[in-house]
Every structure is written in C-alpha cells, then in structure tokens.
Amino acid sequence: MNRRQFASALTAGAVCLGVQPSWAQPRRLPLFRIARNKNKNVVHYDLRLNAARRPREQEPMDVYWRMHEDEGQREELTLLERSMAYGCTVRERPSETELVIALAAFDSRLIRVRADHGQAQALVQIAGHGAILEHIFVQAGHGVVPSVDYLDLSGKRVDGTAVRERVRGG
C-alpha cells in the first residue's frame, strides 16, 4: 500500500467514525458564483482558510473560472478581469473569522464573509433583507463596448426564505 492509498484508507476510516482529521479538512470553502448570459462559464468565489480554519491573512479569496463551455476545467482570471470585472478586494477585517469584500464591478454593495465551524457564508443586502448570497446572474448588453443591462442577486434570508433582487445597470 503506497502513501496515497494509506492516507485515503485512514481518512475513510476516520470519517466512518465521525472524525475528520485536520489534514483532511478542506482549505477552501465555496461562497457564491457569477453566471452570465454570454456562455455557460461561471466565476466561483471561494474562501481560503488557514490551518486554524479561519480566513487566510494573505489572499483569503480564491476567484476563478469554471469553463463549462469546454470540459469544466478551472482557469484563473486575467488581470483585466480581476481589476475591472470579477475580482474582489478585502475592505476590512472586523474579526478573525470575518472579512468584508467588494467586487470590482459592483463595489457599491459590500459583502461580509464569515467562516465558522467549517462553513462559510457571504452575507449581503438583497431586496432590503440581510441574506446569504448564493448566485449572481449578469445580463450583459449587446454591443462593441462591454456593458451590463442588469444583475440578479439570489440568496436566502437567515430563516431560509429565498430572496432575489434585480439591479439595473447604468
């Protein structure tokens, strides 16, 4: 039995017993995604965790494409995509388990990211309610210059009720 097989068997046995060793716990947690009308490719936003299962100090967000138009492979954002469209910046860190981010193309609505007990949530105002952001759909305009007709923000309120808001482009 090689090292990889041994680690897999040990992890499977631990999980069966209800124990998940720290080295088997994920180091990234999914938060939300952005889809567009242009194609099936989707931008994913994941939270990177440190060994203590808190948001990493350096580069806590992992933002990347999932290329569903092809074979579903991962691709990194280009410099232009990061700075003008899909990238995000950390605006503040209220605590060890929270950070506030702004999306490059939609920085008027800040998103509070919270990681606790192996789960992460992206919290934002949707239709006037505090909600867990799950998905953003971008309806892009048609023309030579890139534009946005509207964004649909979708998520769930704390009580589990679905909530959606359409934000018109400008």
# chains A, B, ... in the order shown; residues from 1 in each chain; ligands from 1
>>> residues_around(residues="Ser95 of chain A", least_positions_apart="4", cutoff="10 Å", atoms="only C-alpha atoms", output="number ranges by chain")
A: 54-55, 99, 114
>>> closest_atom_pairs(of="segment 30-145 of chain A", to="segment 161-170 of chain A", cutoff="9 Å", atoms="only C-alpha atoms", output="CSV")
residue,atom,partner,partner_atom,distance
A:Ile126,CA,A:Glu165,CA,5.9
A:Ala127,CA,A:Glu165,CA,5.2
A:Gly128,CA,A:Glu165,CA,8.9
A:His129,CA,A:Val163,CA,8.2
A:Ala131,CA,A:Val163,CA,7.6
>>> residues_around(residues="His117 of chain A", least_positions_apart="2", cutoff="12 Å", atoms="only C-alpha atoms", output="list of chain:residue names")
A:Gln25, A:Pro26, A:Leu29, A:Leu49, A:Ala52, A:Arg53, A:Arg54, A:Pro55, A:Thr97, A:Arg114, A:Ala115, A:Gln119, A:Ala120, A:Gln121
>>> closest_residue(among="A:Ala35, A:Asn50, A:Ala102, A:Arg28", to="Leu151 of chain A", atoms="only C-alpha atoms")
A:Ala35
>>> residues_around(residues="Asn41 of chain A", least_positions_apart="6", cutoff="7 Å", atoms="only C-alpha atoms", output="PyMOL selection string")
chain A and resi 35+65-69
>>> write_last_selection(atoms="N, CA and C atoms", output="short mmCIF file (atom, residue, chain, number, x, y, z; two decimals), in the first residue's frame")
data_model
loop_
_atom_site.label_atom_id
_atom_site.label_comp_id
_atom_site.auth_asym_id
_atom_site.auth_seq_id
_atom_site.Cartn_x
_atom_site.Cartn_y
_atom_site.Cartn_z
N ALA A 35 -22.77 33.86 -12.94
CA ALA A 35 -23.00 33.34 -14.29
C ALA A 35 -23.44 34.50 -15.17
N TRP A 65 -12.47 30.91 -12.84
CA TRP A 65 -13.48 30.45 -13.80
C TRP A 65 -13.63 28.94 -13.73
N ARG A 66 -14.83 28.45 -13.94
CA ARG A 66 -15.09 27.05 -14.24
C ARG A 66 -15.61 27.07 -15.67
N MET A 67 -14.84 26.51 -16.60
CA MET A 67 -15.10 26.64 -18.04
C MET A 67 -16.06 25.54 -18.52
N HIS A 68 -17.34 25.72 -18.26
CA HIS A 68 -18.35 24.73 -18.63
C HIS A 68 -18.60 24.68 -20.13
N GLU A 69 -18.16 25.69 -20.88
CA GLU A 69 -18.26 25.64 -22.34
C GLU A 69 -17.29 24.60 -22.89
#
>>> atom_distance(atom1="atom CA of Glu76 of chain A", atom2="atom CA of Ser154 of chain A")
24.2 Å
>>> closest_residue(among="A:Asp107, A:Glu134, A:Glu92, A:Glu81", to="Pro30 of chain A", atoms="only C-alpha atoms")
A:Glu134
>>> select_by_dssp(residues="segment 3-169 of chain A", states="strand (DSSP E or B)", output="MDAnalysis selection string")
chainID A and resid 28:36 42:49 55 61:67 73:76 88:95 98:103 106:116 119:126 129:140 148:157 162:168
>>> atom_distance(atom1="atom CA of Gly72 of chain A", atom2="atom CA of Asp46 of chain A")
16.6 Å
>>> atom_distance(atom1="atom CA of Val148 of chain A", atom2="atom CA of Tyr86 of chain A")
12.9 Å
